[in-house]
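Just below is one structure, and these are the notes that go with it.
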There are 4 protein chains.
Amino acid sequence: MNKSSESISYSTIHTSPDHEDDKFHEECGVVGVWTTQDAASLTALGLHALQHRGQEATGIVTYDGNFHIHRGLGLVGEVFADPQVIAKLPGGIAIGHNRYATTGATQLRNVQPLYGDFEFGGFAVAHNGNLTNAQLLRQSLVRRGCLFQSSTDSEVFIHLIAISLYSNVIDRFIDALKQVQGAYSLVALSKDMLIAARDPLGVRPLILGKLNQNKEKECWVVASETCALSSMGAEFVRDIEPGEVIIINDEGIRSIKPFHNISHRFCIFEYVYFARPDSIIENKSVYIARQKIGAELALENPVEADIVVPVPDSGVPAALGYAKASNIPFELGIIRSHYIGRTFIEPTDQIRNLGVKLKHSTNGSILKDKRVILIDDSIVRGTTSKKIVEMVRAAGAAEVHLRIASPPTRFSCYYGIDTPSKEKLLAHTHDIDEMCKLIGADSLGFISCNGLYKALEEKERNNEKPQYCDACFTGDYPIQLTDHDMNLTQNK
Amino acid sequence: MNKSSESISYSTIHTSPDHEDDKFHEECGVVGVWTTQDAASLTALGLHALQHRGQEATGIVTYDGNFHIHRGLGLVGEVFADPQVIAKLPGGIAIGHNRYATTGATQLRNVQPLYGDFEFGGFAVAHNGNLTNAQLLRQSLVRRGCLFQSSTDSEVFIHLIAISLYSNVIDRFIDALKQVQGAYSLVALSKDMLIAARDPLGVRPLILGKLNQNKEKECWVVASETCALSSMGAEFVRDIEPGEVIIINDEGIRSIKPFHNISHRFCIFEYVYFARPDSIIENKSVYIARQKIGAELALENPVEADIVVPVPDSGVPAALGYAKASNIPFELGIIRSHYIGRTFIEPTDQIRNLGVKLKHSTNGSILKDKRVILIDDSIVRGTTSKKIVEMVRAAGAAEVHLRIASPPTRFSCYYGIDTPSKEKLLAHTHDIDEMCKLIGADSLGFISCNGLYKALEEKERNNEKPQYCDACFTGDYPIQLTDHDMNLTQNK
Amino acid sequence: MNKSSESISYSTIHTSPDHEDDKFHEECGVVGVWTTQDAASLTALGLHALQHRGQEATGIVTYDGNFHIHRGLGLVGEVFADPQVIAKLPGGIAIGHNRYATTGATQLRNVQPLYGDFEFGGFAVAHNGNLTNAQLLRQSLVRRGCLFQSSTDSEVFIHLIAISLYSNVIDRFIDALKQVQGAYSLVALSKDMLIAARDPLGVRPLILGKLNQNKEKECWVVASETCALSSMGAEFVRDIEPGEVIIINDEGIRSIKPFHNISHRFCIFEYVYFARPDSIIENKSVYIARQKIGAELALENPVEADIVVPVPDSGVPAALGYAKASNIPFELGIIRSHYIGRTFIEPTDQIRNLGVKLKHSTNGSILKDKRVILIDDSIVRGTTSKKIVEMVRAAGAAEVHLRIASPPTRFSCYYGIDTPSKEKLLAHTHDIDEMCKLIGADSLGFISCNGLYKALEEKERNNEKPQYCDACFTGDYPIQLTDHDMNLTQNK
Amino acid sequence: MNKSSESISYSTIHTSPDHEDDKFHEECGVVGVWTTQDAASLTALGLHALQHRGQEATGIVTYDGNFHIHRGLGLVGEVFADPQVIAKLPGGIAIGHNRYATTGATQLRNVQPLYGDFEFGGFAVAHNGNLTNAQLLRQSLVRRGCLFQSSTDSEVFIHLIAISLYSNVIDRFIDALKQVQGAYSLVALSKDMLIAARDPLGVRPLILGKLNQNKEKECWVVASETCALSSMGAEFVRDIEPGEVIIINDEGIRSIKPFHNISHRFCIFEYVYFARPDSIIENKSVYIARQKIGAELALENPVEADIVVPVPDSGVPAALGYAKASNIPFELGIIRSHYIGRTFIEPTDQIRNLGVKLKHSTNGSILKDKRVILIDDSIVRGTTSKKIVEMVRAAGAAEVHLRIASPPTRFSCYYGIDTPSKEKLLAHTHDIDEMCKLIGADSLGFISCNGLYKALEEKERNNEKPQYCDACFTGDYPIQLTDHDMNLTQNK
């Protein structure tokens, strides 16, 4: 006897929850599949490869003449583990979504893909990113008589499509895109087409791949990152361009570019932390980029030491780069437990405090009496860094020098990354010396903003027309923060 | 770790599923509570007393400054068993709903109360009944850009309210009522009022009660039947009138009658089977009405026999009436197991065939060599009747005379009762002699339509202006079947 | 992902838990099947029919060359609902068990059938009854080096079999029977035989039936009551005799009577309350016996009144008998909800107090201004009776006369019935007048002990050599209470 | 409503299940805690740190005057996630156990610690290792009348203790130890002492630590590995010696050495793969040992190449050692997903084949056109190695040279490691050239047995009196395989 039960509290619309741990969090990953059969299995495999982009909930919509939806709270490997679940998702076309969310907002009604019954038939959308005028649009739509079923900004898309005066699905979709501001990589499904779209600045990644499973029909996949391709048995074709809309139907694939002002402002933090190291984004290997960042960091922030130790797992590639550039041995001085599931993450302070201890442990025999260079990807609130430095000292390290593979994160992100309000960012309220003291390291160094651009093969940051979105470091927000400026978002 | 998972198939809108067993099924029960605290507990107790009106799903919405919702699949005693669930539903105002639904459509998104964020704030609705122009309205609303979140006809209400041009909540609500056709008993909740409404013919029951728990504030309840009152500790006040809208807010209670043409056409089958025997509807005790039906049945269909045996549990009061009127001893010749849960009800034919055997067993020592009058409330497909007659014969009965406490059910209901299509109703395709042969009884008799009216203290059925809705017996549908006539509903 | 988890506290051996409600509780039901295939399904159907003898846990062991066991907490319809569970129990031979137990002792390790790996192969046992020297034997066995895996008295059987010096399975089994004192109806399974046995007094019921499904092999069933036969499609053969051991193997069926002193002392309370009304025990219909008890009760305790109302469901047959004998109309003045699952039974006082209200409701229209004779089967602590009388008065009854279809229960049972300690039995501490006052009835009457014997077709109780075990009424315990007398059992 | 259900099949005693993936598996981890309070929490933290030694089931027994047990299937973080579970395990003394087991044998009744009610009171045992004469002893014990409740070899211990003729608990315990053959690290709990013991060869690890939380009482912990100490906030004291029995009670700690012939034969494979890299065993850091093995491997098996790539996670330290020794860059050419839970591991061949793909993915940008040295810890069946080599080639590697950080595994382990039968070990049936061809590598090299001893700071393997147990490489079994030689174990 299966019973499901949904508990919903409509008090407020949570847009930015507290951090579970001391990291920025990518909020979503998306997948789309256009083939002849088994689209749900392929989508599940792709979503599994994108699990790092959202671990709280996942969903798939397929079409085989009818629409079929399964959404659930949990990992892809949990929600789609049962072959009977996959069996209830027949068809050769599918879209899927992974979602990051905190306890408060982890409600089934917010799990994507979103679906609606439209005049033209069913339509499903999955969204990675965040809209900066969603609250303003929502107010107008509610005033007009639209009923919202979720508390996500993404729902604005389907209402805009529903009320559009255009008759054609694509025209309605583009009509909706033109009204929203913000960052988005979208996949959508109607009864006769798969649509993929990226915002005019291309803030979030989205790539196109090809499946070779069928000779009579061209089969395509779209996904947030290239790492999804190998698990789906697909080949990389190209990045979807900023401002590009891709339409795949029985007649083939075509590209529309409905926006005038296009400029590349890809999120630089995807290279620093979010993307999986084996992904390739805009022709750059994330793994190699991180090694170069580590090398540049070594150049900018050298220190005499015995070993280079990464904070695992995210600090590893940068630490390898630092070690090579500085010619100091790379050692796994900190071990990370991979048995930490979400089940240990309890909302009590006591367990929160235990958190780091459970997740990381020190390799005393390698740290003892050594001068250690610790490499981490970023500092958010600083609480984790403090504990890690303490642990390394407790294990007998003679000196602990912390080096960070990104500039200080001084500003919140409004484009699809879960960040604390800037007041809670250690780098917003403290200079580097103060941070070093608070964290308890012997020295602290960050890569410079220009250093980061150099590691990404730019000469330097073009301050007139920056090559990336780096608002979390610089406060230079390339897309207007309409809701925020009108005080329509809650203070985090 | 709790995980909930929702599986949705949007292929078609199921309005009338197959029967799980061979009975008509009431589709819903509703409760509303206006007091100062603990509204959720009171509502759960009321819904528990109304469990016979819907066993598949249940939900409660409360308000305490914010709206709180909990909905789940299962019995009231399962979904609201956990004190932590009740604790998450604070406040002194609440509405609740029980739902009957078949496997296919038992989806969390269809579970009521429905909720929407409106311009004027949150609004929740729970509906017992069925709209006969819901599909037509839904088509127009979808065309206008409204997004439907469920496949229930009830959702039409909240969209009509959302798009109404009136500014006042009550005006919008009445505006919506005036556009729908069909049967409805509604309870609704906004941030400052509780609303209850009944359709102009009063097809479904709805009653008003009073809570005496508080001296400083008048506390009210509304519920589908009076049997909910005792479990809530409330007193009966009166039936809500056909076409009446009751509004309860901080200023007290008031009544609006927005419809011109009001006539009483209460569902006569509520007396026959749906309502709980301890309920009182329109001043008539259901239990006494059933005894009178049994007595009238004995008068119209006498037969020489040794014992009167009810098909339990629903046939018991009529059998008592028959036994008294005929002066033949009443005996419990059939025992019903009360441990049959929903868990045994499996979709395989094999288990379906086992169904009756599991549910009923014969009391051989009382049946052996006896001439038996079997009393049941109605015949739907006849499959259960056939098995029961076989069982009673197998237990050694000398003769089996089947007497039915309602006229032959020849027509489907479109007003909130789950019935098979008329082609599947045994009485639609067979006359009484054929039915008797098929069922294998020695004789078969039904109460006449006029006999039923007599038992309900009418002189006879007023064919010009019938006192009740008896469409399932007569095919005389008092409310237009718009969707059905336009072929907008699926053939059952 | 299924996870099961078992929580065990070994502090004490619970033999007699608190009552969940105000009734005596039969502690177990057993089934055995000897056929060629599908023994698990048949056993599940039989156990389902015996659900009233134990609702907390259930288990089945089958043999098809290997032994297969499935045991679980819950109803038969829950634990064996999944066809995959039944599929994992192949074979044509099986035994099964239903268990009643309270929260504290509802532990998986106590769920029967018990199983052990013996020198002669596997052996499984299911026990209905209670041993009166189990603690004494257990002490000796532990001293000898035996490890106990449960806290049930039944485990003593399998250790006695394990250490027996006989080599033959049947000799070992009888060796064990001769060492235990108490009440038992047993079914057991070894690799080549099915065994059924009843204690020398025949306190608990056990019957033999025949399956006609196979022409080449004689197929047999044993079960606690005849009501299990119809749900298994089997025919009644005979009661198993007190002190009889039945052995069924490939060579057929044979009977052994290993005890010298046999006398019939069947539990008279099985007729009063425990057995299902459609069962036949020792050639007497339970339903008819209860009607006769009601008639005798009317004779002994007449009162002028308007209606006879049973406390449902157990009081119904006696009330019918009372009504017929007194010529006062039988009416269903109290309605019992059949949606009460175990989920509402919460250990808080608040919910306990709600208990009766949730389970029973009054039918006001039939009770108002009437002089009511209430019929119940027994009074244990009196708490339920008090509430029922209050409810009936609150519904407007002019007078309430309580009549009880058994003598006052003044003593605890040690033979397999869960009863409170005698200090908690209302009739142990109060005379009938005091009880009447406490309960709040206008008058209170019990059937006399001789009256009960008369209703069971005895001339009177033979005080020299009583025909039944009636220790709960008389304190005349036919089997020595060894553990109790040595203070080896805990005070209840 | 929680329901647990246990499905047991007693057909055969599974001692060695099929591999879920292509690795040897450590079968258990143990923890013991002697302190004043919160022993369950501390034990859970310790077991969590030992999760790599067993992921299928876990259990804790505490004592606070009574014994309290909780055992469940799943990870420590799942079974003990609920604070209410920990709350039901009060007391300052505890033992705990992690268990590895395959699907067939993952039954609750096999989950440790084992518990029994003895003459002297309760006694609980947790066992890491495997007994080689368990079946022989079990036969004798069953013949004697002992009833086994599990299918584990460990249960022999408690029966031997139960039937021992000694009166004292410790004497009984040592009496039992002297009768068993095999490998064992044990923790045990009686009402007044905590016992820890290691077999005379010290095959499995066991260490002693000290808790500083209490000033008035000496507080101790024992655990399989030192990595558990930091998560428990304890300090390392020393390894428990081979053949040593440690007794901790209110009078302090003492050591007994009941065996005459003691020689150190620690399992060399613990250094190669089983132990966590941050553990220190017999004064050697596992992490540094693995680096030295990698360096020795480079010396013995050099090859010209561009990058050294580990098969993560187990191959990483050896690859770092190889890279340093060979001066070839270390690169993370293969990425391992850490979201693979047990939920994806389905018993279908289809999913098994997907296994590797889901778990590992290649980092194409680093592998393309490179000559790659792949480092793995061992080859079992070779299926994983084959897939990994294929993946690396598919990612564009010019050459793939596989180097293995252990000698060829040609023999099964009978001392507590789950291995396939030797016929299924690739190295048992193929020489290195054949293996290389089958796996599809350009070259294949293993470290020699002497090389492995050198890396562990021995001059060479002392063939007269080997310093370690290396039976899986050499077939030189230091403990007699009694059951195996008598054909009492099943062929794997």
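By order in the structure tokens, chains are A, B, ...; within a chain, residues start at 1; ligands start at 1, following the order shown.
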Find the spatial neighbours of D:Lys178, counting only C-alpha atoms, within a cut-off of 9 Å - ignore same-chain residues fewer than 4 positions away - and output them as an mmCIF file with C-alpha atoms, in the first residue's frame.
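Output file part.cif follows:
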```cif
data_model
loop_
_atom_site.group_PDB
_atom_site.id
_atom_site.type_symbol
_atom_site.label_atom_id
_atom_site.label_comp_id
_atom_site.auth_asym_id
_atom_site.auth_seq_id
_atom_site.Cartn_x
_atom_site.Cartn_y
_atom_site.Cartn_z
ATOM 1 C CA PHE D 173 34.128 -16.536 26.444
ATOM 2 C CA ILE D 174 37.706 -17.848 26.309
ATOM 3 C CA PRO D 258 44.909 -17.136 26.529
ATOM 4 C CA PHE D 259 46.694 -18.548 23.483
#
```
Practice item. With a distance cut-off of 8 Å and only C-alpha atoms, select the neighbouring residues of stretch 450-454 of chain D, excluding the residue or stretch itself and same-chain residues fewer than 2 positions from it, and output the selection as an MDAnalysis selection string. Key: chainID D and resid 293 296:297 300 406:407 447:448 456:461
Exercise for review: Compile the contact shell of C:Phe123 as a PyMOL selection string: residues with an atom at most 12 Å away, counting only C-alpha atoms, same-chain residues fewer than 3 positions apart removed.
Suggested key: (chain C and resi 61-63+66-69+94-95+113-120+126+157-159+161-162+169-170+172-173+187-195) or (chain D and resi 10+147-148)
Exercise for review: Output as a ChimeraX atom specification the set of chain A residues within 10 Å of chain C, with distances taken over only C-alpha atoms.
Suggested key: /A:1,78-79,81-82
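If you measure from each of D:Ser230, D:Asn261, D:Asn168, D:Asn130 to D:Asp278 using only C-alpha atoms, the closest one turns out to be D:Ser230.
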Practice item. Would you list, as a PyMOL selection string, the residues of stretch 186-343 of chain C that end up in strand (DSSP E or B) under DSSP run on this structure's backbone? Key: chain C and resi 186-190+193-198+207-211+219-223+234-239+245-249+252-256+266-267+280-281+284-285+307-310+330+334-336
